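Peer 1: First the structure, which I've put down as structure tokens, then a few questions once you've had a look.
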Amino acid sequence: MPGRSCLLFLLLVCAAPVLNAQKIIYSEPERDDSRRMDFEIVGKINGNFLIYKNNRNKGSIVALDNEMKMLSKEEHDYLPNDDRLINVEFFPYSDFAYMIYQYQKKNVVYCNAVKIDGSGKKAGDIMELDTSHIGFLADNKIYTVVTSEDKSRISVFKINSRNKRLYTMTTVLFNDKLEPLKRSVHYIPMEERNEYLGEFSLDNDGDLVFSKFLRNNNDNITMANMVVKKAMSDSLLSYPLNLEARMLDEIQVKVDNFNKRYFLTSFYYREKRGNIDGLYFFVWDKKGMNTVIEDTSVFSEDLRREARGDATMKGAFNDFFIRNVVTRKDGGFIISSESYYTTSRYSNNWNRWDYLYGFPYNRSLTNYYYSPYMSRYYWWNGSRSTSQAVRYHADNICVLSYNSNGKLEWSNVMAKSQYDDESDDDISFQLMNTGGQLHFLFNQLERRNNLLTDFSIAPDGQMNRNPTLKNLDKGYEFLPKYGKQVSARQMIIPCLYRNYICFAKIDYN
């Protein structure tokens, strides 16, 4: 096993120097860009930064230059301008982006796509990817779209769950020109009342992988399978997880394209609704068609002491959630998790069972199409605040590095304490992978001001708090968890400025 200093992150091609954030440049907010505006950061297309905005049900795409000055604003009038628009997603390439959107007209839901150029303009005809006939008004998206890491494959699928005992999953695989390669229909037995489908991922070969699991009385996972749909196959391959006496929390699925592996990871318990004991790993090798790792990593007393915050030693990780899984070329992997919870004076405090095992895994009585992604972590909606006096907390971040055999190499805890009332939009963090380091960007309260803070971790586990970001102007309230890495060394983060939405570009030189 090479020394720690030789560990490489997935995106690392060669050793990179230590990178520090050098400069922040802000865009000018437009008059209509109130905090209630819906938006999505599209990406960097032909050197321009594209932002999708939806104001009063009217969609437009703004192109910003390298100085974050507006170059153009393109109205997309073909998008439905009323409640018929269900969902909009973007899949960026270097010189264009696909906008894939869903809308309902009468009793038909359409899944369409259009190519967008570097100016935000429509650069081709509208392409109809699929349609669904339904007998109700859809308020959640019918189709789920996932793309491979190299963006050579795109999968569009829908899951009809009207028959609770037998789901019907329809998948359509496309290449990067949105030419259909394979359409399949699969029937998935759901033999138990509390069986669910989890996270879906697509590898560079076009193979779709996801989890299927059973929650015991809507609590912990007591049985689980990894399910694989080969790109050109009409059948599903199912591989059971050997949980023994362990119970799992929320299963994360990650594709390691370089090593042709699938990772399924979760916190685990030894007793129902007990304390989190550690991490469970299931690693599947595509080439050998076999399990290479199925093991657990127990959290040590020292790690619990460092991560616990105000919790007890035994319950140190009970409020933690896995946020990122980063694979490395040497077969190792890095997992980051964050402490997240709420408090309230007027009602019972939030707990992970209410959050994880109710929404979004509920089964609607009227919406017969089931989506494993009913909420989008990176989709902003400034009107989400609740009427109750709820305080949202996002505290310590724990980062763990494991080698290719699943053995712990190092661990680190970033101490932070974040909270906000009525909304969680400006708490939590965003991860930036510059190749040689992982950067964790989040707001930190200093002298009554929230300042955007940058902690970085090197391949050997050394953690540094980087100098205060340059051009960190007062009056800008960063929303880092909605940020998006748009190139190897650039990130766009939305901000609130005088109750308007604008965007900040961070350059790593």
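Naming works like this for the structure tokens: A, B, ... for the chains as they're shown, residue 1 at the start of each chain, ligands 1 onward in shown order.
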Would you kindly return, as a PyMOL selection string, each protein, DNA or RNA residue with an atom no farther than 7 Å from any atom of His393 in chain A, considering only C-alpha atoms and excluding same-chain residues fewer than 5 positions away?

Peer 2: chain A and resi 340-342+418-420

Peer 1: With only C-alpha atoms as the counted atoms, please give the residues lying no more than 10 Å from range 105-111 of chain A, apart from itself and same-chain residues fewer than 6 positions off, as a PyMOL selection string.

Peer 2: chain A and resi 80+84-88+127-138+141-145+156

Peer 1: How would the residues just picked look written out with C-alpha atoms as an mmCIF file, in the first residue's frame?

Peer 2:
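File part_38.cif, as written:
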data_model
loop_
_atom_site.group_PDB
_atom_site.id
_atom_site.type_symbol
_atom_site.label_atom_id
_atom_site.label_comp_id
_atom_site.auth_asym_id
_atom_site.auth_seq_id
_atom_site.Cartn_x
_atom_site.Cartn_y
_atom_site.Cartn_z
ATOM 1 C CA PRO A 80 -45.228 26.067 -20.100
ATOM 2 C CA ARG A 84 -48.228 22.554 -15.968
ATOM 3 C CA LEU A 85 -44.404 22.759 -15.717
ATOM 4 C CA ILE A 86 -43.424 20.008 -13.285
ATOM 5 C CA ASN A 87 -39.639 19.943 -13.340
ATOM 6 C CA VAL A 88 -36.573 21.378 -15.117
ATOM 7 C CA MET A 127 -36.858 16.496 -28.587
ATOM 8 C CA GLU A 128 -39.597 14.383 -27.060
ATOM 9 C CA LEU A 129 -37.951 11.714 -24.896
ATOM 10 C CA ASP A 130 -41.039 9.984 -23.522
ATOM 11 C CA THR A 131 -44.697 10.451 -22.556
ATOM 12 C CA SER A 132 -46.961 9.048 -19.850
ATOM 13 C CA HIS A 133 -50.748 8.912 -19.761
ATOM 14 C CA ILE A 134 -52.029 9.550 -16.251
ATOM 15 C CA GLY A 135 -55.407 10.218 -14.722
ATOM 16 C CA PHE A 136 -54.455 12.818 -12.134
ATOM 17 C CA LEU A 137 -52.751 16.182 -11.782
ATOM 18 C CA ALA A 138 -49.055 15.498 -11.189
ATOM 19 C CA LYS A 141 -41.996 14.709 -11.302
ATOM 20 C CA ILE A 142 -42.869 11.494 -13.085
ATOM 21 C CA TYR A 143 -39.481 10.946 -14.714
ATOM 22 C CA THR A 144 -36.076 10.621 -13.104
ATOM 23 C CA VAL A 145 -33.012 11.512 -15.198
ATOM 24 C CA VAL A 156 -34.585 8.477 -18.296
#

Peer 1: Just want the 10 Å neighbourhood of range 276-287 of chain A, counted on only C-alpha atoms, with same-chain residues fewer than 5 positions away dropped. Output as a ChimeraX atom specification.

Peer 2: /A:226,239,241-243,246-249,251-257,259-271,292-300,304,314-320,322,335,404-406

Peer 1: Nearest to Ala311 in chain A: which of A:Asn290, A:Asn471, A:Asn275, A:Asn324 is it, counting only C-alpha atoms?

Peer 2: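 Ranked by minimum distance to Ala311 in chain A, first place goes to A:Asn275.
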
Peer 1: I'd like the interatomic distance between CA of Tyr497 in chain A and CA of Asp77 in chain A, to a tenth of an Å.

Peer 2: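 Separation of CA of Tyr497 in chain A and CA of Asp77 in chain A: 28.2 Å.
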
Peer 1: Val399 in chain A: which residues within 8 Å, counting only C-alpha atoms, same-chain residues fewer than 6 positions away excluded, as a ChimeraX atom specification?

Peer 2: /A:334-337,411-413

Peer 1: Go through A:Lys115, A:Lys416, A:Arg391, A:Lys407 one by one, measure the shortest atom-to-atom distance of each to Asn443 in chain A using only C-alpha atoms, and give the residue with the smallest value.

Peer 2: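 Among the listed residues, A:Lys416 lies closest to Asn443 in chain A.
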
Peer 1: Could you please write out, as a PyMOL selection string, every residue of range 12-116 of chain A that DSSP assigns to strand (DSSP E or B)?

Peer 2: chain A and resi 21-26+34+38-45+48-55+58-64+70-75+85-92+97-105+108-116

Peer 1: Considering only C-alpha atoms, state which residue in the set A:Val227, A:Ile501, A:Leu236, A:Ile506 is at the smallest distance from Arg489 in chain A.

Peer 2: A:Ile506

Peer 1: State, in Å with one decimal place, the distance from CA of Arg193 in chain A to CA of Asn216 in chain A.

Peer 2: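 We find that CA of Arg193 in chain A and CA of Asn216 in chain A lie 9.6 Å from each other.
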
Peer 1: In Å, how far is it from CA of Lys53 in chain A to CA of Lys122 in chain A?

Peer 2: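 About the pair CA of Lys53 in chain A and CA of Lys122 in chain A: they are 15.0 Å apart.
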